[in-house]
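The file model-v7.cif comes next; it holds mmCIF, C-alpha atoms.
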data_input
#
loop_
_atom_site.group_PDB
_atom_site.id
_atom_site.type_symbol
_atom_site.label_atom_id
_atom_site.label_comp_id
_atom_site.auth_asym_id
_atom_site.auth_seq_id
_atom_site.Cartn_x
_atom_site.Cartn_y
_atom_site.Cartn_z
ATOM 1 C CA MET A 1 89.211 65.345 -24.131
ATOM 2 C CA ASP A 2 92.276 65.770 -26.378
ATOM 3 C CA VAL A 3 95.774 66.637 -25.217
ATOM 4 C CA VAL A 4 95.327 70.318 -26.078
ATOM 5 C CA ALA A 5 92.239 70.376 -23.868
ATOM 6 C CA GLY A 6 94.409 68.836 -21.173
ATOM 7 C CA LEU A 7 96.146 72.182 -20.863
ATOM 8 C CA LEU A 8 92.856 73.533 -19.565
ATOM 9 C CA ASN A 9 91.294 70.524 -17.888
ATOM 10 C CA GLY A 10 94.418 69.017 -16.395
ATOM 11 C CA PRO A 11 97.146 70.803 -14.418
ATOM 12 C CA ARG A 12 96.397 74.400 -15.294
ATOM 13 C CA ALA A 13 98.567 77.484 -15.141
ATOM 14 C CA GLU A 14 98.179 77.639 -11.381
ATOM 15 C CA GLY A 15 100.454 80.335 -10.027
ATOM 16 C CA ALA A 16 101.820 81.238 -13.434
ATOM 17 C CA PHE A 17 103.966 84.331 -13.506
ATOM 18 C CA LEU A 18 102.459 87.211 -15.498
ATOM 19 C CA LEU A 19 103.972 90.604 -16.153
ATOM 20 C CA ARG A 20 103.314 93.616 -18.360
ATOM 21 C CA SER A 21 106.474 95.310 -19.636
ATOM 22 C CA SER A 22 106.508 98.927 -20.856
ATOM 23 C CA LEU A 23 109.749 99.940 -22.536
ATOM 24 C CA LEU A 24 111.454 102.721 -24.493
ATOM 25 C CA PRO A 25 114.577 102.023 -26.601
ATOM 26 C CA PRO A 26 117.280 101.148 -26.086
ATOM 27 C CA TRP A 27 116.440 98.087 -24.026
ATOM 28 C CA ALA A 28 117.383 94.425 -23.904
ATOM 29 C CA LEU A 29 116.606 91.659 -21.394
ATOM 30 C CA ARG A 30 118.427 88.352 -21.159
ATOM 31 C CA VAL A 31 116.096 85.719 -19.713
ATOM 32 C CA ARG A 32 117.733 82.825 -17.875
ATOM 33 C CA ASP A 33 114.827 81.770 -15.655
ATOM 34 C CA LYS A 34 114.879 78.130 -16.909
ATOM 35 C CA ALA A 35 111.082 78.105 -17.145
ATOM 36 C CA PRO A 36 109.781 75.154 -19.177
ATOM 37 C CA LEU A 37 107.367 77.286 -21.207
ATOM 38 C CA THR A 38 106.922 81.021 -21.749
ATOM 39 C CA LEU A 39 104.383 82.943 -23.802
ATOM 40 C CA VAL A 40 104.893 86.581 -24.818
ATOM 41 C CA ALA A 41 102.064 88.640 -26.346
ATOM 42 C CA MET A 42 102.883 91.910 -28.083
ATOM 43 C CA VAL A 43 100.382 94.590 -27.078
ATOM 44 C CA ARG A 44 102.062 97.560 -28.742
ATOM 45 C CA GLY A 45 105.184 98.307 -30.744
ATOM 46 C CA THR A 46 107.926 95.895 -31.807
ATOM 47 C CA ALA A 47 110.542 93.696 -30.178
ATOM 48 C CA TRP A 48 113.148 91.165 -31.234
ATOM 49 C CA VAL A 49 113.327 87.705 -29.686
ATOM 50 C CA ILE A 50 116.734 86.071 -29.972
ATOM 51 C CA PRO A 51 116.865 82.416 -28.846
ATOM 52 C CA GLU A 52 120.067 80.777 -27.680
ATOM 53 C CA HIS A 53 119.993 78.547 -30.746
ATOM 54 C CA GLY A 54 118.428 79.697 -34.008
ATOM 55 C CA GLY A 55 117.758 82.977 -35.729
ATOM 56 C CA ALA A 56 116.256 86.155 -34.307
ATOM 57 C CA SER A 57 112.650 87.047 -35.072
ATOM 58 C CA GLU A 58 110.969 90.461 -34.986
ATOM 59 C CA LEU A 59 107.582 90.662 -33.277
ATOM 60 C CA GLY A 60 104.889 93.257 -33.969
ATOM 61 C CA THR A 61 101.625 94.294 -32.379
ATOM 62 C CA GLY A 62 99.315 91.289 -31.899
ATOM 63 C CA ASP A 63 102.055 88.712 -32.417
ATOM 64 C CA VAL A 64 102.559 85.911 -29.897
ATOM 65 C CA ALA A 65 105.814 84.059 -29.214
ATOM 66 C CA ILE A 66 106.029 80.685 -27.463
ATOM 67 C CA LEU A 67 109.433 79.788 -26.044
ATOM 68 C CA ARG A 68 110.115 76.243 -24.913
ATOM 69 C CA GLY A 69 112.689 76.198 -22.113
ATOM 70 C CA PRO A 70 114.944 75.830 -20.368
ATOM 71 C CA ASP A 71 117.423 77.500 -22.761
ATOM 72 C CA PRO A 72 118.001 81.251 -22.285
ATOM 73 C CA TYR A 73 116.930 83.900 -24.772
ATOM 74 C CA VAL A 74 117.025 87.667 -25.249
ATOM 75 C CA PHE A 75 114.222 90.178 -25.841
ATOM 76 C CA ALA A 76 115.404 93.528 -27.209
ATOM 77 C CA ASP A 77 114.433 96.591 -29.179
ATOM 78 C CA ASP A 78 117.219 95.695 -31.638
ATOM 79 C CA PRO A 79 119.413 92.585 -32.001
ATOM 80 C CA VAL A 80 122.546 94.699 -31.495
ATOM 81 C CA THR A 81 121.421 96.213 -28.175
ATOM 82 C CA ALA A 82 123.434 94.793 -25.279
ATOM 83 C CA PRO A 83 121.356 93.311 -22.425
ATOM 84 C CA GLN A 84 120.790 95.735 -19.560
ATOM 85 C CA ALA A 85 119.124 93.188 -17.280
ATOM 86 C CA VAL A 86 119.250 89.456 -16.615
ATOM 87 C CA ILE A 87 116.171 87.548 -15.435
ATOM 88 C CA HIS A 88 117.106 84.631 -13.180
ATOM 89 C CA PRO A 89 115.019 81.729 -11.768
ATOM 90 C CA GLY A 90 112.254 83.034 -9.536
ATOM 91 C CA GLN A 91 112.092 86.141 -11.761
ATOM 92 C CA ARG A 92 114.968 87.705 -9.840
ATOM 93 C CA CYS A 93 116.285 90.564 -11.921
ATOM 94 C CA THR A 94 119.832 91.990 -11.906
ATOM 95 C CA THR A 95 122.243 93.874 -14.110
ATOM 96 C CA PRO A 96 124.479 91.654 -16.310
ATOM 97 C CA ASP A 97 127.235 91.850 -13.681
ATOM 98 C CA GLY A 98 124.846 90.883 -10.860
ATOM 99 C CA GLY A 99 124.212 94.325 -9.417
ATOM 100 C CA GLU A 100 120.975 96.136 -8.626
ATOM 101 C CA LEU A 101 118.943 97.668 -11.426
ATOM 102 C CA SER A 102 118.529 101.415 -11.559
ATOM 103 C CA ASP A 103 116.950 102.159 -14.944
ATOM 104 C CA LEU A 104 114.276 99.453 -14.801
ATOM 105 C CA GLY A 105 111.649 99.088 -12.106
ATOM 106 C CA GLU A 106 108.010 98.766 -11.108
ATOM 107 C CA LEU A 107 105.490 100.961 -12.890
ATOM 108 C CA GLY A 108 102.229 99.786 -11.328
ATOM 109 C CA VAL A 109 100.163 96.617 -10.947
ATOM 110 C CA ARG A 110 102.099 93.761 -12.579
ATOM 111 C CA THR A 111 103.895 96.327 -14.722
ATOM 112 C CA TRP A 112 107.635 96.785 -15.081
ATOM 113 C CA GLY A 113 109.956 98.654 -17.405
ATOM 114 C CA ASN A 114 111.703 101.950 -18.044
ATOM 115 C CA ALA A 115 108.746 104.120 -19.140
ATOM 116 C CA PRO A 116 105.076 104.229 -18.072
ATOM 117 C CA GLU A 117 104.027 104.847 -21.692
ATOM 118 C CA GLY A 118 106.659 102.849 -23.518
ATOM 119 C CA ALA A 119 106.802 102.461 -27.283
ATOM 120 C CA THR A 120 106.812 98.698 -26.707
ATOM 121 C CA VAL A 121 104.323 96.994 -24.404
ATOM 122 C CA MET A 122 104.217 93.224 -24.001
ATOM 123 C CA VAL A 123 102.707 90.711 -21.612
ATOM 124 C CA THR A 124 104.801 87.751 -20.503
ATOM 125 C CA GLY A 125 103.259 84.578 -19.081
ATOM 126 C CA THR A 126 105.553 81.909 -17.643
ATOM 127 C CA TYR A 127 104.501 78.356 -16.778
ATOM 128 C CA GLN A 128 106.526 77.126 -13.817
ATOM 129 C CA VAL A 129 105.462 73.455 -14.025
ATOM 130 C CA LEU A 130 104.291 71.444 -17.034
ATOM 131 C CA SER A 131 101.820 68.592 -17.001
ATOM 132 C CA GLU A 132 102.961 65.154 -18.113
ATOM 133 C CA ILE A 133 99.935 64.896 -20.400
ATOM 134 C CA CYS A 134 100.979 68.123 -22.138
ATOM 135 C CA ARG A 135 104.560 67.092 -22.803
ATOM 136 C CA PRO A 136 103.921 65.022 -25.966
ATOM 137 C CA LEU A 137 102.356 68.097 -27.540
ATOM 138 C CA LEU A 138 104.829 70.681 -26.290
ATOM 139 C CA ASP A 139 107.820 68.487 -27.114
ATOM 140 C CA ALA A 140 106.709 68.675 -30.752
ATOM 141 C CA LEU A 141 107.264 72.437 -30.751
ATOM 142 C CA PRO A 142 110.490 74.053 -31.942
ATOM 143 C CA PRO A 143 112.324 76.139 -29.326
ATOM 144 C CA LEU A 144 110.647 79.289 -30.672
ATOM 145 C CA VAL A 145 107.185 79.567 -32.234
ATOM 146 C CA VAL A 146 105.910 82.899 -33.549
ATOM 147 C CA ILE A 147 102.212 83.380 -34.343
ATOM 148 C CA ARG A 148 101.552 86.557 -36.292
ATOM 149 C CA GLY A 149 98.653 88.737 -35.237
ATOM 150 C CA ASP A 150 97.025 88.508 -38.677
ATOM 151 C CA ALA A 151 96.997 84.695 -38.499
ATOM 152 C CA TRP A 152 94.028 84.599 -36.148
ATOM 153 C CA GLU A 153 91.033 86.577 -35.084
ATOM 154 C CA GLY A 154 90.151 87.080 -31.461
ATOM 155 C CA PRO A 155 90.298 89.426 -28.498
ATOM 156 C CA LEU A 156 92.643 87.393 -26.298
ATOM 157 C CA VAL A 157 95.787 89.535 -26.543
ATOM 158 C CA PRO A 158 94.064 92.867 -25.766
ATOM 159 C CA LEU A 159 91.882 91.152 -23.161
ATOM 160 C CA LEU A 160 94.917 89.728 -21.346
ATOM 161 C CA ALA A 161 96.656 93.099 -21.616
ATOM 162 C CA GLY A 162 93.676 94.811 -20.002
ATOM 163 C CA GLU A 163 93.268 92.260 -17.209
ATOM 164 C CA VAL A 164 96.922 91.964 -16.204
ATOM 165 C CA VAL A 165 96.969 95.475 -14.724
ATOM 166 C CA LYS A 166 93.838 94.988 -12.609
ATOM 167 C CA ASP A 167 93.905 94.325 -8.880
ATOM 168 C CA GLU A 168 90.499 92.733 -8.317
ATOM 169 C CA PRO A 169 89.299 89.798 -6.183
ATOM 170 C CA GLY A 170 90.072 86.532 -7.931
ATOM 171 C CA GLN A 171 92.284 88.265 -10.481
ATOM 172 C CA ASP A 172 95.029 85.639 -10.368
ATOM 173 C CA ALA A 173 92.548 82.925 -11.376
ATOM 174 C CA VAL A 174 91.256 85.108 -14.222
ATOM 175 C CA LEU A 175 94.787 85.656 -15.501
ATOM 176 C CA ASP A 176 95.665 81.963 -15.276
ATOM 177 C CA ARG A 177 92.649 81.035 -17.380
ATOM 178 C CA LEU A 178 93.304 83.770 -19.945
ATOM 179 C CA LEU A 179 96.903 82.615 -20.258
ATOM 180 C CA ASP A 180 95.710 79.043 -20.826
ATOM 181 C CA LEU A 181 93.242 80.174 -23.475
ATOM 182 C CA LEU A 182 95.843 82.219 -25.309
ATOM 183 C CA LEU A 183 98.321 79.349 -25.262
ATOM 184 C CA VAL A 184 95.795 76.823 -26.570
ATOM 185 C CA ALA A 185 94.654 79.209 -29.320
ATOM 186 C CA ALA A 186 98.268 79.801 -30.323
ATOM 187 C CA LEU A 187 99.059 76.076 -30.361
ATOM 188 C CA ARG A 188 96.030 75.282 -32.509
ATOM 189 C CA THR A 189 96.998 78.025 -34.937
ATOM 190 C CA TRP A 190 100.594 76.819 -35.114
ATOM 191 C CA PHE A 191 99.793 73.153 -35.672
ATOM 192 C CA SER A 192 97.379 74.029 -38.479
ATOM 193 C CA ARG A 193 100.209 75.623 -40.479
ATOM 194 C CA PRO A 194 101.922 73.704 -43.313
ATOM 195 C CA GLU A 195 105.404 74.170 -41.839
ATOM 196 C CA ALA A 196 104.403 72.735 -38.464
ATOM 197 C CA ASP A 197 105.157 69.102 -37.699
ATOM 198 C CA PRO A 198 102.500 67.955 -35.229
ATOM 199 C CA PRO A 199 102.808 64.464 -33.794
ATOM 200 C CA PRO A 200 100.810 61.749 -35.612
ATOM 201 C CA TRP A 201 98.173 61.437 -32.866
ATOM 202 C CA TYR A 202 97.428 65.165 -33.170
ATOM 203 C CA ARG A 203 96.715 64.842 -36.902
ATOM 204 C CA ALA A 204 94.729 61.649 -36.281
ATOM 205 C CA GLN A 205 92.204 63.527 -34.139
ATOM 206 C CA SER A 206 90.515 64.782 -37.325
ATOM 207 C CA ASP A 207 90.046 61.249 -38.690
ATOM 208 C CA PRO A 208 86.356 60.162 -38.609
ATOM 209 C CA VAL A 209 87.229 56.814 -36.991
ATOM 210 C CA ILE A 210 90.428 57.349 -35.028
ATOM 211 C CA GLY A 211 89.431 60.795 -33.751
ATOM 212 C CA PRO A 212 86.444 59.418 -31.807
ATOM 213 C CA ALA A 213 88.551 56.473 -30.619
ATOM 214 C CA LEU A 214 91.185 58.823 -29.215
ATOM 215 C CA ARG A 215 88.552 60.880 -27.443
ATOM 216 C CA LEU A 216 87.074 57.758 -25.863
ATOM 217 C CA LEU A 217 90.481 56.740 -24.503
ATOM 218 C CA HIS A 218 91.180 60.254 -23.235
ATOM 219 C CA ASP A 219 87.767 60.740 -21.652
ATOM 220 C CA ALA A 220 87.577 57.397 -19.853
ATOM 221 C CA PRO A 221 91.024 55.829 -19.380
ATOM 222 C CA GLU A 222 89.678 53.946 -16.372
ATOM 223 C CA ARG A 223 87.384 51.758 -18.501
ATOM 224 C CA PRO A 224 88.572 48.191 -19.225
ATOM 225 C CA TRP A 225 89.340 48.903 -22.860
ATOM 226 C CA THR A 226 90.182 46.248 -25.420
ATOM 227 C CA VAL A 227 90.622 46.689 -29.147
ATOM 228 C CA ALA A 228 87.333 44.843 -29.677
ATOM 229 C CA ARG A 229 85.453 47.120 -27.261
ATOM 230 C CA LEU A 230 86.950 50.246 -28.790
ATOM 231 C CA ALA A 231 86.070 48.997 -32.278
ATOM 232 C CA ALA A 232 82.476 48.392 -31.233
ATOM 233 C CA GLU A 233 82.228 51.924 -29.830
ATOM 234 C CA THR A 234 83.468 53.383 -33.127
ATOM 235 C CA ASN A 235 81.401 51.062 -35.359
ATOM 236 C CA VAL A 236 84.267 49.417 -37.223
ATOM 237 C CA SER A 237 85.790 45.970 -37.153
ATOM 238 C CA ARG A 238 88.531 45.102 -34.696
ATOM 239 C CA ALA A 239 91.037 44.492 -37.481
ATOM 240 C CA ALA A 240 90.126 47.718 -39.291
ATOM 241 C CA LEU A 241 90.485 49.795 -36.120
ATOM 242 C CA ALA A 242 93.819 48.255 -35.148
ATOM 243 C CA ARG A 243 95.214 48.695 -38.652
ATOM 244 C CA ARG A 244 94.000 52.272 -39.090
ATOM 245 C CA PHE A 245 94.962 53.348 -35.570
ATOM 246 C CA THR A 246 98.508 52.034 -35.938
ATOM 247 C CA ALA A 247 98.911 53.597 -39.369
ATOM 248 C CA LEU A 248 97.724 57.053 -38.285
ATOM 249 C CA VAL A 249 98.936 57.265 -34.680
ATOM 250 C CA GLY A 250 102.146 55.271 -35.044
ATOM 251 C CA GLU A 251 101.397 52.677 -32.373
ATOM 252 C CA PRO A 252 98.610 50.186 -31.562
ATOM 253 C CA PRO A 253 95.552 51.356 -29.576
ATOM 254 C CA MET A 254 96.483 49.569 -26.369
ATOM 255 C CA GLY A 255 100.051 50.869 -26.492
ATOM 256 C CA TYR A 256 98.742 54.403 -26.864
ATOM 257 C CA LEU A 257 96.296 53.850 -23.986
ATOM 258 C CA THR A 258 99.078 52.611 -21.714
ATOM 259 C CA ALA A 259 101.209 55.702 -22.399
ATOM 260 C CA TRP A 260 98.194 57.968 -21.762
ATOM 261 C CA ARG A 261 97.352 56.204 -18.497
ATOM 262 C CA ILE A 262 100.929 56.423 -17.236
ATOM 263 C CA ALA A 263 101.136 60.148 -18.088
ATOM 264 C CA LEU A 264 97.899 60.757 -16.195
ATOM 265 C CA ALA A 265 99.193 58.707 -13.279
ATOM 266 C CA ALA A 266 102.421 60.712 -13.201
ATOM 267 C CA ASP A 267 100.390 63.909 -12.834
ATOM 268 C CA LEU A 268 98.055 62.445 -10.207
ATOM 269 C CA LEU A 269 101.007 61.239 -8.153
ATOM 270 C CA ARG A 270 101.871 64.893 -7.513
ATOM 271 C CA ASP A 271 98.873 64.975 -5.177
ATOM 272 C CA PRO A 272 100.003 63.616 -1.791
ATOM 273 C CA GLY A 273 96.380 63.180 -0.805
ATOM 274 C CA LEU A 274 95.920 60.301 -3.249
ATOM 275 C CA THR A 275 97.184 56.824 -2.487
ATOM 276 C CA ILE A 276 98.854 54.832 -5.239
ATOM 277 C CA GLY A 277 95.834 52.535 -5.192
ATOM 278 C CA GLN A 278 93.488 55.468 -5.774
ATOM 279 C CA VAL A 279 95.653 56.692 -8.646
ATOM 280 C CA ALA A 280 95.620 53.193 -10.132
ATOM 281 C CA GLU A 281 91.832 53.084 -10.006
ATOM 282 C CA ARG A 282 91.489 56.475 -11.689
ATOM 283 C CA VAL A 283 93.660 55.508 -14.644
ATOM 284 C CA GLY A 284 92.313 52.025 -15.241
ATOM 285 C CA TYR A 285 94.517 49.635 -13.274
ATOM 286 C CA GLY A 286 92.956 47.120 -10.947
ATOM 287 C CA SER A 287 95.554 47.435 -8.216
ATOM 288 C CA SER A 288 98.554 49.442 -7.131
ATOM 289 C CA PHE A 289 100.721 46.462 -8.092
ATOM 290 C CA ALA A 290 99.392 46.511 -11.678
ATOM 291 C CA LEU A 291 100.047 50.252 -11.938
ATOM 292 C CA SER A 292 103.516 49.874 -10.443
ATOM 293 C CA THR A 293 104.440 47.186 -12.954
ATOM 294 C CA ALA A 294 103.303 49.273 -15.940
ATOM 295 C CA PHE A 295 104.722 52.506 -14.545
ATOM 296 C CA LYS A 296 108.177 51.043 -13.948
ATOM 297 C CA ARG A 297 108.206 49.420 -17.401
ATOM 298 C CA ILE A 298 107.411 52.765 -19.070
ATOM 299 C CA ARG A 299 109.197 55.252 -16.781
ATOM 300 C CA GLY A 300 111.978 53.130 -15.324
ATOM 301 C CA VAL A 301 110.941 53.984 -11.756
ATOM 302 C CA SER A 302 108.083 52.905 -9.533
ATOM 303 C CA PRO A 303 105.165 55.242 -8.721
ATOM 304 C CA ARG A 304 106.529 55.557 -5.198
ATOM 305 C CA GLU A 305 109.968 56.565 -6.505
ATOM 306 C CA HIS A 306 108.384 59.036 -8.933
ATOM 307 C CA ARG A 307 106.347 60.593 -6.136
ATOM 308 C CA ALA A 308 109.436 60.888 -3.935
ATOM 309 C CA ALA A 309 111.398 62.545 -6.750
ATOM 310 C CA VAL A 310 108.598 65.068 -7.298
ATOM 311 C CA ALA A 311 108.488 65.810 -3.575
ATOM 312 C CA ARG A 312 112.250 66.413 -3.520
ATOM 313 C CA ALA A 313 112.139 68.774 -6.486
ATOM 314 C CA PRO A 314 112.381 72.424 -5.451
ATOM 315 C CA GLU A 315 109.153 74.372 -5.570
ATOM 316 C CA PRO A 316 108.993 77.202 -8.120
ATOM 317 C CA VAL A 317 110.500 80.265 -6.483
ATOM 318 C CA ALA A 318 108.074 83.115 -5.911
ATOM 319 C CA PRO A 319 108.833 86.153 -8.067
ATOM 320 C CA THR A 320 110.711 88.866 -6.222
ATOM 321 C CA THR A 321 110.746 92.611 -6.625
ATOM 322 C CA PRO A 322 110.634 94.064 -9.202
ATOM 323 C CA TRP A 323 109.347 90.980 -11.053
ATOM 324 C CA ARG A 324 106.453 90.400 -8.706
ATOM 325 C CA ARG A 325 103.251 88.572 -9.589
ATOM 326 C CA ARG A 326 101.031 90.544 -7.246
ATOM 327 C CA PRO A 327 101.154 94.214 -6.366
ATOM 328 C CA ALA A 328 102.304 95.241 -2.908
#

Before anything else, please render the file you have as structure tokens.
Amino acid sequence: MDVVAGLLNGPRAEGAFLLRSSLLPPWALRVRDKAPLTLVAMVRGTAWVIPEHGGASELGTGDVAILRGPDPYVFADDPVTAPQAVIHPGQRCTTPDGGELSDLGELGVRTWGNAPEGATVMVTGTYQVLSEICRPLLDALPPLVVIRGDAWEGPLVPLLAGEVVKDEPGQDAVLDRLLDLLLVAALRTWFSRPEADPPPWYRAQSDPVIGPALRLLHDAPERPWTVARLAAETNVSRAALARRFTALVGEPPMGYLTAWRIALAADLLRDPGLTIGQVAERVGYGSSFALSTAFKRIRGVSPREHRAAVARAPEPVAPTTPWRRRPA
């Protein structure tokens, strides 16, 4: 498993907020929801995305934008259009002065806007919580990534657009998985571009020696890995593996493994049903004491303190009318 696959196999988009917007000009929305990651897929028409820092970018049909929070941004029919609505945490929506909206409202299942058949239709997917194992990849993104529709081939944007308006049994799970798939496809497309700057370990996954070594560490972090054992599994000498791994990834194999184990542990500690000892066993530490020592050295806090901090953090606020995940 690589870190991109972790978006699907690790903490998924459980309870992600999804909404279809149907709009006629003039329109502009200022988004201040502080979400860590948002994906917008253009189904029809055009829109401008204007980040808090950086230049505006025009989106067309089939384009996908990835916005890395928590900074605010604006979506509009034109960069000069003044925002008519502000989206707050929990998807609460008001006028710029805090009043109730009158020109924008619900238009059906997971659909919102000012016109049932708007010139612009887009689907927004918002991740409320990010996995620790995803952060090294997502932190390598600029605040705004735009993937043009002609840069890839696939049915994901129209498929998501068709599914988001359905009210069927299990529909939320279907939408979560489609959002994950679209995000992963967009990330792969972005990191394959010359202007992208993926982290060294991402590029190293295509290496014939280090790629398999990375997958072994990701797939089985609980195994008692040593450089010699990893070298034997990849059919190279210990010295050759250590040298090549450090050159391509930027750190020695065991240092990389430690960081991966601690990231996995940080995610597992969100589950109150697991003891610290059980988490330690799953990520390759022989005891809770061994995990605690490594965790505090890397994170600056103990696993118990990390778990307490996660428990104290406010839960993502459920979307409220009119920005509601499920129909009434």

Original post:
Quick one: residues within 8 Å of stretch 30-35 of chain A, only C-alpha atoms counted, chain neighbours fewer than 6 positions away excluded, as a list in words?
Top reply: Gly69, Pro70, Asp71, Pro72, Tyr73, Val74, Phe75, Pro83, Gln84, Ala85, Val86, Ile87, His88, Pro89, Gly90, Gln91, Thr126, Tyr127, Gln128 and Val129 of chain A

Just so the selection is clear, what residues does the PyMOL selection byres ((chain A and resi 165-174) around 8) cover here, as a PDB file with C-alpha atoms, in the frame of the given file?
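Saved file selection.pdb follows:
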ATOM      1  CA  GLU A  14      98.179  77.639 -11.381  1.00  0.00           C
ATOM      2  CA  GLY A  15     100.454  80.335 -10.027  1.00  0.00           C
ATOM      3  CA  ARG A  20     103.314  93.616 -18.360  1.00  0.00           C
ATOM      4  CA  GLY A 108     102.229  99.786 -11.328  1.00  0.00           C
ATOM      5  CA  VAL A 109     100.163  96.617 -10.947  1.00  0.00           C
ATOM      6  CA  ARG A 110     102.099  93.761 -12.579  1.00  0.00           C
ATOM      7  CA  THR A 111     103.895  96.327 -14.722  1.00  0.00           C
ATOM      8  CA  ALA A 161      96.656  93.099 -21.616  1.00  0.00           C
ATOM      9  CA  GLY A 162      93.676  94.811 -20.002  1.00  0.00           C
ATOM     10  CA  GLU A 163      93.268  92.260 -17.209  1.00  0.00           C
ATOM     11  CA  VAL A 164      96.922  91.964 -16.204  1.00  0.00           C
ATOM     12  CA  LEU A 175      94.787  85.656 -15.501  1.00  0.00           C
ATOM     13  CA  ASP A 176      95.665  81.963 -15.276  1.00  0.00           C
ATOM     14  CA  ARG A 177      92.649  81.035 -17.380  1.00  0.00           C
ATOM     15  CA  LEU A 178      93.304  83.770 -19.945  1.00  0.00           C
ATOM     16  CA  PRO A 327     101.154  94.214  -6.366  1.00  0.00           C
TER      17      PRO A 327
END

Original post:
Evaluating the PyMOL selection byres ((chain A and resi 23) around 10) on the displayed file yields which residues, as a list in words?
Top reply: Arg20, Ser21, Ser22, Leu24, Pro25, Pro26, Trp27, Ala28, Gly45, Ala47, Ala76, Asp77, Leu104, Trp112, Gly113, Asn114, Ala115, Pro116, Glu117, Gly118, Ala119, Thr120, Val121 and Met122 of chain A

**OP:** Take atom CA of A:Ile147 and atom CA of A:Ala185 and report the distance between them in Å, one decimal.
**Re:** 10.0 Å

Subject >> atom CA of A:Leu183 to atom CA of A:Leu59, distance in Å rounded to a single decimal >> reply: 16.7 Å

**OP:** Provide the atom CA of A:Ala311 to atom CA of A:Ala265 distance in Å, to one decimal place.
**Re:**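 Separation between atom CA of A:Ala311 and atom CA of A:Ala265: 15.2 Å.
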
**OP:** Using all atoms listed in the file, pick whichever of A:Val209, A:Val310, A:Leu217, A:Val43 has the shortest atom-to-atom distance to A:Arg243.
**Re:** A:Val209

Please, which residues in stretch 207-278 of chain A fall within 9 Å of stretch 292-307 of chain A when counting only C-alpha atoms, and what is the closest atom pair and distance in Å to one decimal for each, ordered by chain then residue number, as a Markdown table?
| residue | atom | partner | partner_atom | distance |
| --- | --- | --- | --- | --- |
| A:Thr258 | CA | A:Ala294 | CA | 7.9 |
| A:Ala259 | CA | A:Ile298 | CA | 7.6 |
| A:Ile262 | CA | A:Phe295 | CA | 6.1 |
| A:Ala265 | CA | A:Pro303 | CA | 8.3 |
| A:Ala266 | CA | A:His306 | CA | 7.5 |
| A:Leu269 | CA | A:Arg307 | CA | 5.7 |
| A:Arg270 | CA | A:Arg307 | CA | 6.4 |
| A:Asp271 | CA | A:Arg307 | CA | 8.7 |
| A:Pro272 | CA | A:Arg307 | CA | 8.3 |
| A:Ile276 | CA | A:Pro303 | CA | 7.2 |
